[in-house]
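Trainee: Data: entry.txt, compact mmCIF, C-alpha atoms.
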```txt
# COMPACT_ATOMS: atom_id res chain seq x y z
CA MET A 818 -11.82 2.01 13.99
CA ARG A 819 -8.99 4.51 13.94
CA ALA A 820 -7.24 6.00 10.92
CA VAL A 821 -4.41 8.31 9.97
CA ILE A 822 -4.33 10.33 6.75
CA ALA A 823 -1.25 11.42 4.81
CA GLU A 824 -2.11 13.83 1.97
CA ASP A 825 -0.23 17.03 1.10
CA SER A 826 -3.24 18.75 -0.49
CA VAL A 827 -4.97 20.52 2.39
CA LEU A 828 -8.34 20.67 0.65
CA LEU A 829 -8.34 16.99 -0.25
CA ARG A 830 -7.16 16.10 3.24
CA ILE A 831 -10.07 18.00 4.79
CA GLY A 832 -12.44 16.14 2.48
CA LEU A 833 -10.91 12.78 3.35
CA VAL A 834 -11.28 13.49 7.06
CA LYS A 835 -14.98 14.16 6.60
CA VAL A 836 -15.48 11.03 4.48
CA LEU A 837 -13.71 8.83 7.02
CA GLU A 838 -15.75 10.30 9.84
CA MET A 839 -18.90 9.60 7.83
CA ALA A 840 -17.72 6.00 7.55
CA GLY A 841 -17.39 5.74 11.32
CA PHE A 842 -13.62 6.08 11.59
CA GLU A 843 -11.88 8.15 14.22
CA VAL A 844 -9.20 10.18 12.45
CA CYS A 845 -6.49 10.26 15.08
CA ALA A 846 -3.90 12.10 12.98
CA GLU A 847 -3.50 13.85 9.64
CA THR A 848 -0.29 14.93 7.98
CA GLY A 849 1.13 16.21 4.71
CA ASP A 850 4.34 14.21 4.44
CA ALA A 851 5.75 10.71 4.85
CA GLU A 852 7.79 11.54 7.96
CA GLY A 853 4.68 12.76 9.74
CA LEU A 854 2.79 9.65 8.59
CA LEU A 855 5.34 7.24 10.07
CA ALA A 856 5.39 9.19 13.33
CA ALA A 857 1.59 9.15 13.51
CA VAL A 858 1.40 5.39 12.89
CA GLU A 859 4.05 4.76 15.53
CA GLU A 860 2.16 6.87 18.05
CA HIS A 861 -1.44 5.84 17.38
CA ARG A 862 -1.20 2.31 15.92
CA PRO A 863 -4.27 2.92 13.73
CA ASP A 864 -6.39 0.30 11.99
CA LEU A 865 -5.98 2.10 8.66
CA ALA A 866 -3.46 4.41 7.01
CA LEU A 867 -4.76 6.38 4.02
CA VAL A 868 -1.68 7.45 2.06
CA ASP A 869 -0.98 9.62 -0.98
CA VAL A 870 1.67 8.03 -3.23
CA ARG A 871 3.48 11.31 -3.99
CA MET A 872 4.27 13.67 -1.13
CA PRO A 873 6.93 16.20 -0.09
CA PRO A 874 9.77 16.71 -0.41
CA GLY A 875 10.33 15.02 -3.76
CA PHE A 876 6.77 14.22 -4.87
CA THR A 877 7.89 10.87 -6.30
CA ASP A 878 7.33 7.75 -4.20
CA GLU A 879 7.55 9.02 -0.61
CA GLY A 880 4.08 7.76 0.24
CA VAL A 881 4.53 4.24 -1.08
CA ARG A 882 7.93 3.89 0.61
CA ALA A 883 6.33 4.94 3.90
CA ALA A 884 3.50 2.48 3.25
CA LEU A 885 6.02 -0.33 2.83
CA VAL A 886 7.61 0.61 6.16
CA ILE A 887 4.17 0.47 7.77
CA ARG A 888 3.51 -2.94 6.24
CA SER A 889 6.80 -4.17 7.69
CA GLN A 890 6.78 -2.53 11.11
CA SER A 891 3.07 -2.17 11.92
CA PRO A 892 1.41 -5.39 10.66
CA GLY A 893 -1.88 -4.50 12.34
CA THR A 894 -2.33 -1.41 10.18
CA ALA A 895 -4.08 -1.73 6.83
CA VAL A 896 -2.87 0.56 4.04
CA LEU A 897 -4.88 2.22 1.29
CA LEU A 898 -2.82 4.15 -1.27
CA LEU A 899 -4.28 6.99 -3.30
CA SER A 900 -2.73 8.15 -6.56
CA GLN A 901 -3.50 10.66 -9.30
CA PHE A 902 -2.39 8.22 -12.00
CA VAL A 903 -1.93 4.47 -12.42
CA GLU A 904 1.61 3.65 -11.33
CA GLU A 905 1.74 -0.12 -11.44
CA ARG A 906 5.30 -0.35 -10.10
CA TYR A 907 4.08 1.02 -6.78
CA ALA A 908 1.06 -1.26 -6.75
CA ALA A 909 3.31 -4.25 -7.35
CA ASP A 910 5.58 -3.22 -4.47
CA LEU A 911 2.59 -2.90 -2.16
CA LEU A 912 1.13 -6.26 -3.17
CA SER A 913 4.43 -8.02 -2.61
CA SER A 914 4.49 -6.77 1.01
CA GLN A 915 2.12 -9.42 2.33
CA ASN A 916 1.59 -9.20 6.10
CA GLY A 917 -2.04 -10.18 6.64
CA ALA A 918 -3.47 -6.66 6.91
CA GLY A 919 -5.75 -5.19 4.26
CA ILE A 920 -4.29 -3.45 1.22
CA GLY A 921 -5.70 -1.11 -1.38
CA TYR A 922 -4.67 1.11 -4.27
CA LEU A 923 -7.21 3.51 -5.72
CA LEU A 924 -7.10 6.46 -8.07
CA LYS A 925 -8.08 9.73 -6.41
CA GLN A 926 -10.99 10.15 -8.77
CA ARG A 927 -12.73 7.27 -6.94
CA VAL A 928 -13.10 9.47 -3.85
CA ALA A 929 -15.87 11.37 -5.68
CA ASP A 930 -18.11 8.31 -5.39
CA VAL A 931 -18.39 8.61 -1.62
CA GLU A 932 -20.47 5.49 -1.03
CA GLU A 933 -18.14 3.28 -3.05
CA PHE A 934 -15.09 4.85 -1.47
CA ILE A 935 -16.44 4.25 2.04
CA ASP A 936 -17.07 0.63 1.11
CA ALA A 937 -13.43 0.35 -0.01
CA LEU A 938 -12.20 1.92 3.23
CA ARG A 939 -14.15 -0.52 5.36
CA ARG A 940 -13.11 -3.49 3.24
CA VAL A 941 -9.40 -2.67 3.49
CA ALA A 942 -9.63 -1.89 7.21
CA GLY A 943 -11.29 -5.27 7.66
CA GLY A 944 -8.38 -7.11 6.06
CA GLY A 945 -9.58 -7.21 2.45
CA THR A 946 -8.47 -5.62 -0.80
CA ALA A 947 -9.61 -2.64 -2.83
CA LEU A 948 -7.77 -2.29 -6.11
CA ASP A 949 -8.73 0.19 -8.78
CA PRO A 950 -9.86 -1.51 -12.02
CA GLN A 951 -7.25 0.49 -13.93
CA VAL A 952 -4.55 -0.73 -11.54
CA VAL A 953 -5.70 -4.32 -12.04
CA ALA A 954 -5.52 -3.88 -15.81
CA GLN A 955 -1.97 -2.50 -15.63
CA LEU A 956 -0.81 -5.33 -13.39
CA LEU A 957 -2.27 -7.91 -15.74
CA LEU A 958 -0.37 -6.31 -18.63
CA ARG A 959 2.80 -6.50 -16.56
CA ARG A 960 2.29 -10.24 -16.15
CA GLY A 961 1.49 -10.84 -19.79
CA GLY A 962 4.96 -11.66 -21.08
CA GLY A 963 5.97 -14.51 -18.77
CA PRO A 964 4.67 -17.99 -17.91
CA ASP A 965 1.22 -17.92 -16.39
CA PRO A 966 1.07 -19.53 -12.94
CA LEU A 967 -2.73 -19.52 -13.16
CA GLU A 968 -3.08 -21.53 -16.35
CA ARG A 969 -5.29 -24.03 -14.56
CA LEU A 970 -8.07 -21.46 -14.32
CA THR A 971 -10.80 -21.28 -16.94
CA PRO A 972 -11.51 -17.95 -18.68
CA ARG A 973 -14.61 -17.49 -16.50
CA GLU A 974 -12.64 -18.19 -13.33
CA ARG A 975 -10.10 -15.57 -14.40
CA GLU A 976 -12.93 -13.08 -14.85
CA VAL A 977 -14.22 -13.85 -11.38
CA LEU A 978 -10.75 -13.51 -9.87
CA ALA A 979 -10.16 -10.18 -11.62
CA LEU A 980 -13.39 -8.86 -10.09
CA MET A 981 -12.34 -10.23 -6.71
CA ALA A 982 -9.11 -8.23 -7.11
CA GLU A 983 -11.18 -5.08 -7.42
CA GLY A 984 -12.70 -5.97 -4.06
CA ARG A 985 -16.18 -6.85 -5.32
CA SER A 986 -18.51 -8.99 -3.26
CA ASN A 987 -20.06 -12.20 -4.59
CA ALA A 988 -23.30 -10.33 -5.25
CA ALA A 989 -21.51 -7.59 -7.20
CA ILE A 990 -19.58 -10.18 -9.23
CA ALA A 991 -22.84 -11.98 -10.01
CA ASP A 992 -24.42 -8.73 -11.19
CA GLY A 993 -21.41 -7.84 -13.33
CA LEU A 994 -21.24 -11.23 -15.03
CA VAL A 995 -25.03 -11.72 -15.14
CA VAL A 996 -24.89 -15.06 -13.34
CA SER A 997 -26.27 -16.35 -10.05
CA GLU A 998 -24.47 -15.90 -6.73
CA SER A 999 -24.33 -19.69 -6.36
CA ALA A 1000 -22.46 -19.86 -9.68
CA VAL A 1001 -20.00 -17.24 -8.44
CA ALA A 1002 -19.48 -19.16 -5.19
CA LYS A 1003 -18.77 -22.32 -7.20
CA HIS A 1004 -16.22 -20.48 -9.35
CA ILE A 1005 -14.51 -19.08 -6.26
CA ASN A 1006 -14.28 -22.52 -4.64
CA ASN A 1007 -12.75 -23.84 -7.86
CA ILE A 1008 -10.25 -20.98 -7.83
CA PHE A 1009 -9.22 -21.78 -4.26
CA ALA A 1010 -8.78 -25.46 -5.13
CA LYS A 1011 -6.79 -24.81 -8.33
CA LEU A 1012 -4.50 -22.33 -6.56
CA ASP A 1013 -3.88 -24.88 -3.78
CA LEU A 1014 -5.15 -22.52 -1.11
CA PRO A 1015 -5.78 -24.52 2.08
CA PRO A 1016 -9.05 -24.28 4.02
CA ALA A 1017 -9.08 -21.05 6.00
CA ALA A 1018 -11.27 -18.06 6.66
CA GLU A 1019 -13.10 -17.08 3.46
CA ALA A 1020 -11.84 -13.47 3.56
CA HIS A 1021 -8.24 -14.61 4.06
CA ARG A 1022 -8.36 -17.02 1.12
CA ARG A 1023 -9.86 -14.32 -1.10
CA VAL A 1024 -6.91 -12.05 -0.31
CA LEU A 1025 -4.39 -14.83 -0.94
CA ALA A 1026 -6.01 -15.64 -4.28
CA VAL A 1027 -6.00 -12.00 -5.35
CA LEU A 1028 -2.34 -11.57 -4.37
CA ARG A 1029 -1.34 -14.67 -6.28
CA PHE A 1030 -3.30 -13.46 -9.29
CA LEU A 1031 -1.75 -10.01 -9.37
CA ASP A 1032 1.85 -10.56 -8.33
CA GLY A 1033 2.40 -13.63 -10.49
CA THR A 1034 3.39 -15.94 -7.63
CA PRO A 1035 3.37 -19.57 -8.83
```
Once more with this new file: its structure as structure tokens, please.

Mentor:
Amino acid sequence: MRAVIAEDSVLLRIGLVKVLEMAGFEVCAETGDAEGLLAAVEEHRPDLALVDVRMPPGFTDEGVRAALVIRSQSPGTAVLLLSQFVEERYAADLLSSQNGAGIGYLLKQRVADVEEFIDALRRVAGGGTALDPQVVAQLLLRRGGGPDPLERLTPREREVLALMAEGRSNAAIADGLVVSESAVAKHINNIFAKLDLPPAAEAHRRVLAVLRFLDGTP
């Protein structure tokens, strides 16, 4: 699988290149700004774009705005955003740009756990999600004041769906909740049914459920 990296910190960019290569990706381009990122995606049509939220010239939201362009114009490219801090407004923008490709939003500190970070890269490149637990928490707070479109879910099903949003597998969810994998699978099937998600590929329905959970779509 091919990837492009957009990160203005040269040292971090070098580290990311090495991690992606360890994960089996071919890094076909690396850049330090959003303009270079969009040009690289246009030229190489990568499977994954790894993007810093804040980049030159303004160091505000250049990366996320470029990511939204990629989501719109290059639907075959998955996007994983990296940020120094939780900025839920950007995460919400990314989640609302549904195009079928994988999406992720992680804090940069997660890169230090190389094995977990590689797992997130592969999951997003494969069409799944990888959302930082702190991002999930912020998005849930954002939804707290309005009507809950997921009121049909039980408290346990909400727990399972929150862990799905972080990108955890059934086995990891089972370990975290100290239940069996068969119990987790039953909860997930109930979630799909209660959210009126039609039969489809398991991975696709997981993404749809997570998006509905986090962006508040009825």

Trainee: Around the point (-12.8, -15.8, -17.2) in the file's coordinates, collect all residues with an atom within 12 Å, using only C-alpha atoms, and return them as a PyMOL selection string.

Mentor: chain A and resi 967-981+990+994+1001+1004-1005+1008

Trainee: Determine the nearest neighbour of A:Ala866 from the options A:Ile822, A:Ala840, A:Ala883, A:Ala846, counting only C-alpha atoms.

Mentor: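 The shortest atom-to-atom distance to A:Ala866 comes from A:Ile822.
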
Trainee: Could you work out how far atom CA of A:Glu847 lies from atom CA of A:Val928, giving the answer in Å with one decimal?

Mentor: 17.1 Å

Trainee: For A:Ala937, which of A:Glu852, A:Glu824, A:Glu838, A:Glu983 is the closest residue, counting only C-alpha atoms?

Mentor: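 Of A:Glu852, A:Glu824, A:Glu838, A:Glu983, the one nearest A:Ala937, counting only C-alpha atoms, is A:Glu983.
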
Trainee: Within 8 Å of (-10.1, -8.5, 8.2) (coordinates as in the file), grab all the protein and nucleic acid residues, counting all atoms listed in the file, and write them out as a ChimeraX atom specification.

Mentor: /A:918-919,940-945,1020-1021

Trainee: Restricting the calculation to all atoms listed in the file: of A:Val827, A:Ile887, A:Ala857, A:Ala820, which residue gets closest to A:Val844?

Mentor: A:Ala820

Trainee: Using all atoms listed in the file, which of the listed residues (A:Ile920, A:Ala823, A:Ala982, A:Leu837) sits closest to A:Arg871?

Mentor: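 For A:Arg871, the nearest of the candidates is A:Ala823.
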
Trainee: Given 8 Å on each side, where is the centre and what are the edge lengths in Å to one decimal of the axis-aligned box enclosing the listed atoms of stretch 975-981 of chain A, as lines of an AutoDock Vina configuration file?

Mentor:
```
center_x = -12.2
center_y = -12.2
center_z = -10.8
size_x = 20.1
size_y = 22.7
size_z = 24.1
```

Trainee: Quick one: residues within 9 Å of A:Arg862, all atoms listed in the file counted, chain neighbours fewer than 6 positions away excluded, as a ChimeraX atom specification?

Mentor: /A:819-820,891,893-894

Trainee: Grab the residues selected above and save them as a PDB file, keeping the file's coordinate frame with C-alpha atoms.

Mentor:
```
ATOM      1  CA  ARG A 819      -8.990   4.510  13.940  1.00  0.00           C
ATOM      2  CA  ALA A 820      -7.240   6.000  10.920  1.00  0.00           C
ATOM      3  CA  SER A 891       3.070  -2.170  11.920  1.00  0.00           C
ATOM      4  CA  GLY A 893      -1.880  -4.500  12.340  1.00  0.00           C
ATOM      5  CA  THR A 894      -2.330  -1.410  10.180  1.00  0.00           C
TER       6      THR A 894
END
```

Trainee: Between A:Glu879, A:Asp949, A:Asp869, A:Asp992, which has the minimum distance to A:Leu829 (counting all atoms listed in the file)?

Mentor: A:Asp869

Trainee: Got a sec: who's within 12 Å of A:Tyr922, counting only C-alpha atoms, leaving out chain neighbours fewer than 3 positions off, as a PyMOL selection string?

Mentor: chain A and resi 866-870+880-881+884+895-912+919+925-928+934+937-938+941+945-953+956+982-984
